[in-house]
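For reference, the structure discussed in these notes is given below.
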Amino acid sequence: MAIVELKGVAKRYDSAPGRKGNDHANAVEDFNLTTKDGEFVVLVGPSGCGKSTTMRMIAGLEHNTAGEIRINGKDVSNVEPRDRDIAMVFQSYALYPHMSVYHNMAFALELKKTPKDEVKQRVQEAARILDIEHLLDRKPRALSGGQRQRVALGRALVRQPQVFLMDEPLSNLDARLRVEMRAEITRLHRRLGVTTFYVTHDQTEAMTMGQRIVVMRDGRIQQIDTPYNLYERPVNRFVAGFIGTPSMNFLQADRQGDTLKGEGFSCPLNPRQQAALEGGGQRSRCWLGIRPEHLHQVEESGGRGRLEGVIEVIEPLGPVTMAQVRAGETLITAQLAAHLDVRIGDVLTLAFDPDHVHLFDIESDRTLGLEAYPATSSAQATA
Amino acid sequence: MTTSRVDQTPGRKRGAGGTALTLLAWLIGITMFFPIFWVVMTALKTEQTAFSMTPTFIFSPTLESFRSALAQGSGYWHYAINSVITAFGSTLVGLALAIPAAYAMAFYPSRRTDFTLVWMVSTKFIPAVGVLIPVFLVYRSLGLLDTRLGLTMLFTSMNLPIMVWMVYSYFRDIPVDIVEAASIDGASTTQTMFRVILPLALPGLASTGLLALILAWNESFWSLTMTDYHAATLAVYTASFKSGEGLFWARLSAASVLTIAPIVVLGWFAQRQMVRGLTFGAVK
């Protein structure tokens with residue numbers, strides 16, 4: 001177990017084309033994070049946001065060009081990967097094809113000249129935890145994707161490292177297996193309590209697994225927070241749109257007294273929102289963010305927020321129905337009741353609770369009045 | 001009816017095309033093999049039959065020419081041992097140099113890696129005769145003329161560019177994640193190379209070695225120009241049968257057969273390995 005600190009960490013690539021090369025001049029900028037001992041931290045963001053580069057810098061596979069990386073207080077910025085006491089699970093699993101599962105798992109221990117009996121005992125223990133004891137004699141090519149994934153986890157597990165690094169380990173699995181392995185990794189972490197960094201582009205994975213999530217974009221941290229806070233208190237429009245499935249809807253709104261209005265919608269403002277719009281100078285316009293699950297089909301909105309539009313797409317998913325509604329120029333996604341008695345082309349009236357909407361600055365995209373939201377735990381916002 | 005006719009036509013066309021292709025392949029194969037076949041045939045003839053202007057296919061075979069080519073004084077075993085030492089020696093030294101070079105270029109590429117590779121191979125564009133005089137003068141000063149060491153060094157440098165290129169392309173087929181996984185597992189560069197990468201690239205290394213061996217074995221230009229007797233290889237031995245008294249076709253053919261036989265036999269046994277190695281990167 002360990003505390004990992006990243007202070008002002010940056011990665012700037014020259015034009016040297018490595019096989020893992022990246023053309024971005026600044027892949028990561030000013031990355032600051034201190035984990036708790038045994039914490040599960042998820043790095044999430046779209047492709048090219050720098051999350052994998054950050055993890056590779058923690059692993060020592062890339063050198064940070066600025067800042068320092070400390071593991072348990074020791075600066076490891078110039079320490080070789082093998083001396084950092086970390087284990088990593090790769091997206092491609094990176095198993096050694098010519099070695100059996102046993103030797104794949106034992107390789108690191110053998111290099112350390114661990115006594116044979118201990119190697120055997122640790123490999124078998126890891127294999128038992130991951131339910132792969134029956135596969136120990138097989139070569140990786142004789143395994144399914146899910147089994148390979150377990151072996152890759154086992155290889156990391158036997159090391160008993162201070163830090164686990166997992167780089168999109170589930171992205172090559174089918175949807176069902178991914179859900180299973182997600183739960184399994186969470187269980188493993190709870191059992192072992194090892195500080196873990198987990199990279200993914202899938203926000204559902206991030207939300208379900210992470211104790212804290214680092215949302216990144218263009219090499220910069222957007223927000224570091226708990227899953228709940230990211231959902232309820234996103235610091236800007238990017239985080240608000242990235243976290244949550246389906247994504248938050250954004251509408252350009254004009255303020256008219258104590259109401260926000262735009263094409264096909266109106267939203268009465270509560271005192272907190274009014275204060276937020278007035279903070280830092282009067283604003284006549286802003287972005288209004290509404291999550292699809294906060295929209296409800298009604299006949300009359302009855303003093304709540306109201307949105308009206310023409311249905312363009314209906315997607316019945318079983319427990320809910322997703323509808324795409326055109327309100328003026330904007331296409332809105334609404335998560336509605338399962339049995340929706342509407343057709344494409346119908347005009348749909350939707351209501352929403354004004355307390356659930358998010359307001360964003362029209363220019364900077366920052367959340368307005370964030371400080372007035374109830375905080376639920378320690379959070380760090382850098383946007 | 002119509003459907004069946006439509007179905008048959010392309011089938012017939014494919015059949016005809018296939019037969020023509022097969023015939024063409026046989027024709028090319030026979031054309032390529034014919035000189036070797038003819039050499040073996042000639043080696044089994046008497047000098048009189050071999051010298052005859054009318055090609056003879058039916059004759060009573062004799063091993064007389066082989067006896068003569070192997071006779072004491074011909075020095076076959078002396079030349080053969082030199083060939084074995086220089087060909088195997090240069091292949092081993094070549095692999096020992098090519099593997100680390102290719103490893104560095106494949107897994108730790110720099111801005112100049114591509115240029116270096118192209119430059120190395122471009123040295124093969126220069127005809128050997130172009131560098132004969134400087135090499136000869138340097139060798140003479142260093143006392144390397146007509147030595148096995150000198151010839152081994154020449155064969156090594158002659159084959160090194162192609163060996164680096166081949167090994168590099170086999171290494172490039174190995175995912176870099178595996179090297180990174182090994183380094184995180186605690187392996188040093190040497191341990192990663194010997195315990196992870198080399199076992200994975202073994203088919204490729206074997207075919208590279210085999211190709212280098214064949215090229216060195218068959219090399220004649222440097223053997224003829226840089227050696228006299230002490231380090232002379234089977235290429236010199238074969239050439240020695242072209243005497244001033246005229247050509248003895250049967251004996252020359254027997255010497256040729258004795259020169260190429262070891263490498264042909266080796267190639268025959270290693271055929272499967274060679275094909276696997278040469279298609280290593282092509283088929284995934």
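Letters A, B, ... mark the chains of the structure tokens in the order given; residue numbers begin at 1 per chain; ligand numbers begin at 1, in order shown.
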key: Residue list for chain A near chain B as a ChimeraX atom specification, 12 Å, only C-alpha atoms   = /A:14-21,56,58-62,79-99,103-113,152,155-161,163-167
message = Env of Glu315 of chain A: 12 Å cut, atoms = only C-alpha atoms, seq-sep filter 4 positions within chain, self excluded. Answer as a list in words.
response =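 Here the answer would be Ile311, Pro319, Val320, Thr321, Met322, Ala323, Gln324, Val325, Thr333, Ala334, Gln335, Leu336, Ala337, Ala338, His339, Leu340, Val342, Arg343 and Ile344 of chain A.
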request  = Going by DSSP on the backbone, which bits of segment 100-253 of chain B are alpha helix (DSSP H)? Write them as a PyMOL selection string, please.
outcome  = chain B and resi 100-107+113-122+132-142+148-172+176-185+189-191+198-218+221-226+234-239+249-253
Mind dumping the selected residues with C-alpha atoms as a tab-separated table (two decimals), in the first residue's frame?
```tsv
chain	number	residue	atom	x	y	z
B	100	PRO	CA	21.35	-5.94	-30.12
B	101	ALA	CA	21.38	-3.41	-32.97
B	102	ALA	CA	17.94	-4.47	-34.17
B	103	TYR	CA	16.66	-4.64	-30.58
B	104	ALA	CA	17.65	-1.05	-29.89
B	105	MET	CA	16.17	0.17	-33.15
B	106	ALA	CA	12.92	-1.78	-32.77
B	107	PHE	CA	12.18	-1.07	-29.13
B	113	THR	CA	16.44	5.00	-36.72
B	114	ASP	CA	14.74	4.89	-40.12
B	115	PHE	CA	17.61	6.76	-41.73
B	116	THR	CA	20.16	4.42	-40.15
B	117	LEU	CA	18.31	1.36	-41.43
B	118	VAL	CA	18.07	2.69	-44.96
B	119	TRP	CA	21.71	3.78	-44.87
B	120	MET	CA	22.82	0.34	-43.72
B	121	VAL	CA	20.98	-1.40	-46.52
B	122	SER	CA	22.12	1.21	-49.04
B	132	LEU	CA	38.13	-4.01	-53.36
B	133	ILE	CA	41.27	-1.88	-53.47
B	134	PRO	CA	40.82	-0.09	-50.11
B	135	VAL	CA	39.82	-3.34	-48.41
B	136	PHE	CA	42.77	-5.16	-49.99
B	137	LEU	CA	45.23	-2.47	-48.86
B	138	VAL	CA	43.86	-2.38	-45.31
B	139	TYR	CA	43.92	-6.19	-45.13
B	140	ARG	CA	47.46	-6.32	-46.43
B	141	SER	CA	48.62	-3.80	-43.80
B	142	LEU	CA	46.87	-5.72	-41.04
B	148	ARG	CA	40.04	-17.19	-41.94
B	149	LEU	CA	39.60	-14.27	-39.54
B	150	GLY	CA	39.86	-11.76	-42.39
B	151	LEU	CA	37.38	-13.65	-44.55
B	152	THR	CA	34.98	-14.11	-41.62
B	153	MET	CA	35.10	-10.37	-40.97
B	154	LEU	CA	34.36	-9.67	-44.63
B	155	PHE	CA	31.43	-12.10	-44.73
B	156	THR	CA	30.07	-10.63	-41.50
B	157	SER	CA	30.15	-7.06	-42.76
B	158	MET	CA	28.78	-8.17	-46.10
B	159	ASN	CA	25.73	-9.80	-44.49
B	160	LEU	CA	25.24	-7.51	-41.50
B	161	PRO	CA	22.92	-4.92	-43.12
B	162	ILE	CA	20.48	-7.53	-44.35
B	163	MET	CA	20.68	-9.38	-41.03
B	164	VAL	CA	19.94	-6.23	-39.00
B	165	TRP	CA	17.07	-5.41	-41.31
B	166	MET	CA	15.56	-8.89	-41.06
B	167	VAL	CA	15.94	-9.20	-37.28
B	168	TYR	CA	14.57	-5.66	-36.90
B	169	SER	CA	11.44	-6.56	-38.85
B	170	TYR	CA	10.89	-9.68	-36.72
B	171	PHE	CA	11.31	-7.64	-33.54
B	172	ARG	CA	8.89	-5.03	-34.82
B	176	VAL	CA	6.11	-3.26	-27.40
B	177	ASP	CA	3.73	-3.87	-24.47
B	178	ILE	CA	5.50	-7.18	-23.88
B	179	VAL	CA	8.85	-5.43	-23.46
B	180	GLU	CA	7.24	-2.90	-21.15
B	181	ALA	CA	5.54	-5.64	-19.14
B	182	ALA	CA	8.91	-7.34	-18.70
B	183	SER	CA	10.55	-4.12	-17.54
B	184	ILE	CA	7.77	-3.58	-14.98
B	185	ASP	CA	8.13	-7.23	-13.92
B	189	THR	CA	17.32	-5.04	-20.83
B	190	THR	CA	19.49	-8.13	-21.15
B	191	GLN	CA	16.97	-10.30	-19.31
B	198	LEU	CA	14.65	-13.90	-28.37
B	199	PRO	CA	12.41	-16.92	-27.65
B	200	LEU	CA	9.56	-15.10	-29.41
B	201	ALA	CA	11.68	-14.16	-32.42
B	202	LEU	CA	13.37	-17.56	-32.69
B	203	PRO	CA	11.83	-18.59	-36.06
B	204	GLY	CA	12.88	-15.24	-37.50
B	205	LEU	CA	16.38	-15.48	-36.06
B	206	ALA	CA	16.75	-19.00	-37.45
B	207	SER	CA	15.80	-17.96	-40.95
B	208	THR	CA	18.05	-14.89	-40.74
B	209	GLY	CA	20.92	-17.13	-39.67
B	210	LEU	CA	20.20	-19.62	-42.42
B	211	LEU	CA	20.09	-16.93	-45.09
B	212	ALA	CA	23.36	-15.43	-43.84
B	213	LEU	CA	24.91	-18.88	-43.84
B	214	ILE	CA	23.85	-19.54	-47.44
B	215	LEU	CA	25.08	-16.13	-48.60
B	216	ALA	CA	28.44	-16.61	-46.90
B	217	TRP	CA	28.81	-20.19	-48.16
B	218	ASN	CA	28.07	-19.20	-51.74
B	221	PHE	CA	34.17	-12.67	-55.06
B	222	TRP	CA	35.96	-12.01	-51.77
B	223	SER	CA	37.07	-15.62	-51.43
B	224	LEU	CA	38.75	-15.54	-54.82
B	225	THR	CA	40.34	-12.13	-54.36
B	226	MET	CA	41.35	-12.13	-50.69
B	234	LEU	CA	35.00	-24.16	-51.62
B	235	ALA	CA	34.41	-21.34	-54.12
B	236	VAL	CA	38.18	-21.25	-54.69
B	237	TYR	CA	38.23	-25.04	-54.81
B	238	THR	CA	35.61	-25.08	-57.59
B	239	ALA	CA	37.40	-22.37	-59.53
B	249	TRP	CA	33.52	-30.61	-67.51
B	250	ALA	CA	32.77	-33.76	-65.53
B	251	ARG	CA	35.36	-33.02	-62.84
B	252	LEU	CA	34.32	-29.34	-62.63
B	253	SER	CA	30.69	-30.44	-62.30
```
Contact residues around Gln124 of chain A with only C-alpha atoms at 10 Å, ignoring same-chain residues under 6 positions, as a PyMOL selection string = chain A and resi 102+105-106+118+130-133+136+154+158
key: Shortest interatomic distance to His230 of chain B - which of B:Val264, B:Ala87, B:Ile58, B:Ile81, counting only C-alpha atoms   =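 Checking each of B:Val264, B:Ala87, B:Ile58, B:Ile81 against His230 of chain B, counting only C-alpha atoms, the winner is B:Ile81.
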task = Compile the contact shell of segment 178-190 of chain A as an MDAnalysis selection string: residues with an atom at most 9 Å away, counting only C-alpha atoms, same-chain residues fewer than 6 positions apart removed.
result = chainID A and resid 38:40 129:130 146 149:150 153 170:172 196 205 208:210
Convert the current residue selection to file output with N, CA and C atoms, as a short mmCIF file (atom, residue, chain, number, x, y, z; two decimals), in the first residue's frame.
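Generated file (selection_35.cif):
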```cif
data_model
loop_
_atom_site.label_atom_id
_atom_site.label_comp_id
_atom_site.auth_asym_id
_atom_site.auth_seq_id
_atom_site.Cartn_x
_atom_site.Cartn_y
_atom_site.Cartn_z
N GLY A 38 -4.22 3.16 -0.26
CA GLY A 38 -5.18 2.14 -0.64
C GLY A 38 -6.35 2.65 -1.45
N GLU A 39 -6.22 3.84 -1.98
CA GLU A 39 -7.35 4.42 -2.73
C GLU A 39 -7.44 3.86 -4.15
N PHE A 40 -8.66 3.85 -4.69
CA PHE A 40 -8.87 3.44 -6.08
C PHE A 40 -9.18 4.71 -6.88
N ILE A 129 -7.53 -17.10 -6.13
CA ILE A 129 -8.37 -15.90 -5.99
C ILE A 129 -9.08 -15.60 -7.31
N LEU A 130 -8.36 -15.79 -8.41
CA LEU A 130 -8.91 -15.42 -9.72
C LEU A 130 -9.59 -16.60 -10.43
N GLY A 146 -11.35 -13.40 -21.68
CA GLY A 146 -11.61 -13.23 -20.25
C GLY A 146 -10.56 -13.92 -19.40
N GLN A 149 -7.33 -12.00 -19.47
CA GLN A 149 -7.49 -10.84 -18.62
C GLN A 149 -7.23 -11.23 -17.15
N ARG A 150 -7.74 -12.40 -16.76
CA ARG A 150 -7.53 -12.86 -15.38
C ARG A 150 -6.05 -13.18 -15.14
N LEU A 153 -4.23 -10.04 -14.61
CA LEU A 153 -4.47 -9.56 -13.24
C LEU A 153 -3.65 -10.37 -12.25
N LEU A 170 -10.25 -3.62 -19.41
CA LEU A 170 -11.46 -4.34 -19.79
C LEU A 170 -11.93 -4.01 -21.20
N SER A 171 -11.18 -3.16 -21.90
CA SER A 171 -11.72 -2.66 -23.17
C SER A 171 -11.76 -3.71 -24.27
N ASN A 172 -11.02 -4.83 -24.10
CA ASN A 172 -11.07 -5.86 -25.14
C ASN A 172 -12.09 -6.95 -24.84
N THR A 196 -4.61 1.93 -6.22
CA THR A 196 -4.79 1.53 -7.61
C THR A 196 -5.12 2.73 -8.49
N GLU A 205 -17.58 2.78 -16.23
CA GLU A 205 -16.54 2.09 -15.47
C GLU A 205 -15.98 3.00 -14.38
N THR A 208 -18.51 3.49 -11.52
CA THR A 208 -18.82 2.32 -10.69
C THR A 208 -17.60 1.85 -9.89
N MET A 209 -16.39 2.13 -10.38
CA MET A 209 -15.22 1.56 -9.73
C MET A 209 -14.44 2.55 -8.86
N GLY A 210 -14.42 3.80 -9.28
CA GLY A 210 -13.50 4.75 -8.64
C GLY A 210 -14.00 5.26 -7.31
#
```
Name the residues in contact with segment 246-249 of chain A at a cut-off of 7 Å, using only C-alpha atoms, excluding same-chain residues fewer than 6 positions from it; report them as a PDB file with N, CA and C atoms, in the first residue's frame.
```pdb
ATOM      1  N   ALA A 240     -19.691  18.010 -16.985  1.00  0.00           N
ATOM      2  CA  ALA A 240     -21.132  17.752 -16.920  1.00  0.00           C
ATOM      3  C   ALA A 240     -21.579  16.885 -18.095  1.00  0.00           C
ATOM      4  N   GLY A 289     -28.110  23.366 -18.305  1.00  0.00           N
ATOM      5  CA  GLY A 289     -27.842  21.920 -18.451  1.00  0.00           C
ATOM      6  C   GLY A 289     -28.916  21.097 -17.759  1.00  0.00           C
ATOM      7  N   ILE A 290     -29.525  20.180 -18.479  1.00  0.00           N
ATOM      8  CA  ILE A 290     -30.554  19.309 -17.883  1.00  0.00           C
ATOM      9  C   ILE A 290     -30.193  17.859 -18.218  1.00  0.00           C
ATOM     10  N   ARG A 291     -30.127  17.020 -17.212  1.00  0.00           N
ATOM     11  CA  ARG A 291     -29.848  15.599 -17.477  1.00  0.00           C
ATOM     12  C   ARG A 291     -31.101  14.924 -18.030  1.00  0.00           C
ATOM     13  N   PRO A 292     -30.917  13.967 -18.967  1.00  0.00           N
ATOM     14  CA  PRO A 292     -32.070  13.297 -19.592  1.00  0.00           C
ATOM     15  C   PRO A 292     -33.016  12.658 -18.567  1.00  0.00           C
ATOM     16  N   ILE A 332     -32.696  17.355 -27.954  1.00  0.00           N
ATOM     17  CA  ILE A 332     -32.686  17.049 -26.519  1.00  0.00           C
ATOM     18  C   ILE A 332     -32.936  15.555 -26.336  1.00  0.00           C
ATOM     19  N   THR A 333     -32.176  14.923 -25.427  1.00  0.00           N
ATOM     20  CA  THR A 333     -32.437  13.526 -25.100  1.00  0.00           C
ATOM     21  C   THR A 333     -33.201  13.476 -23.782  1.00  0.00           C
TER      22      THR A 333
END
```
message = Just the number, please: distance in Å from atom CA of Asp341 of chain A to atom CA of Leu295 of chain A, one decimal.
response =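 Calculated distance between atom CA of Asp341 of chain A and atom CA of Leu295 of chain A is 16.0 Å.
Among the candidates A:Ile224, A:Leu368, A:Leu135, A:Val42, the residue lying nearest to His201 of chain A is A:Val42 (atoms considered: only C-alpha atoms).
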inquiry  = Please list as an MDAnalysis selection string every residue within 8 Å of Leu63 of chain B, counting only C-alpha atoms and excluding residues in the same chain fewer than 5 positions away.
reply    = chainID B and resid 43:45
Please dump the current selection as a PDB file, in the first residue's frame; keep C-alpha atoms.
```pdb
ATOM      1  CA  ALA B  43      29.231 -34.964 -62.800  1.00  0.00           C
ATOM      2  CA  LEU B  44      28.066 -38.547 -63.290  1.00  0.00           C
ATOM      3  CA  LYS B  45      29.384 -38.741 -66.866  1.00  0.00           C
TER       4      LYS B  45
END
```
task = Find the residues around segment 68-77 of chain A up to 6 Å (only C-alpha atoms counted), leave out those fewer than 4 positions away in its own chain, and share them as a list in words.
result =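 Listing them by chain and then by number gives Ala2, Ile3, Val4, Glu5, Leu6, Lys7 and Val9 of chain A.
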query = Please, which residues of segment 154-265 of chain A, numbered as in this document, come out strand (DSSP E) from DSSP, as a PyMOL selection string?
reply = chain A and resi 163-167+195-200+212-217+220-225+249-256+259-262+265
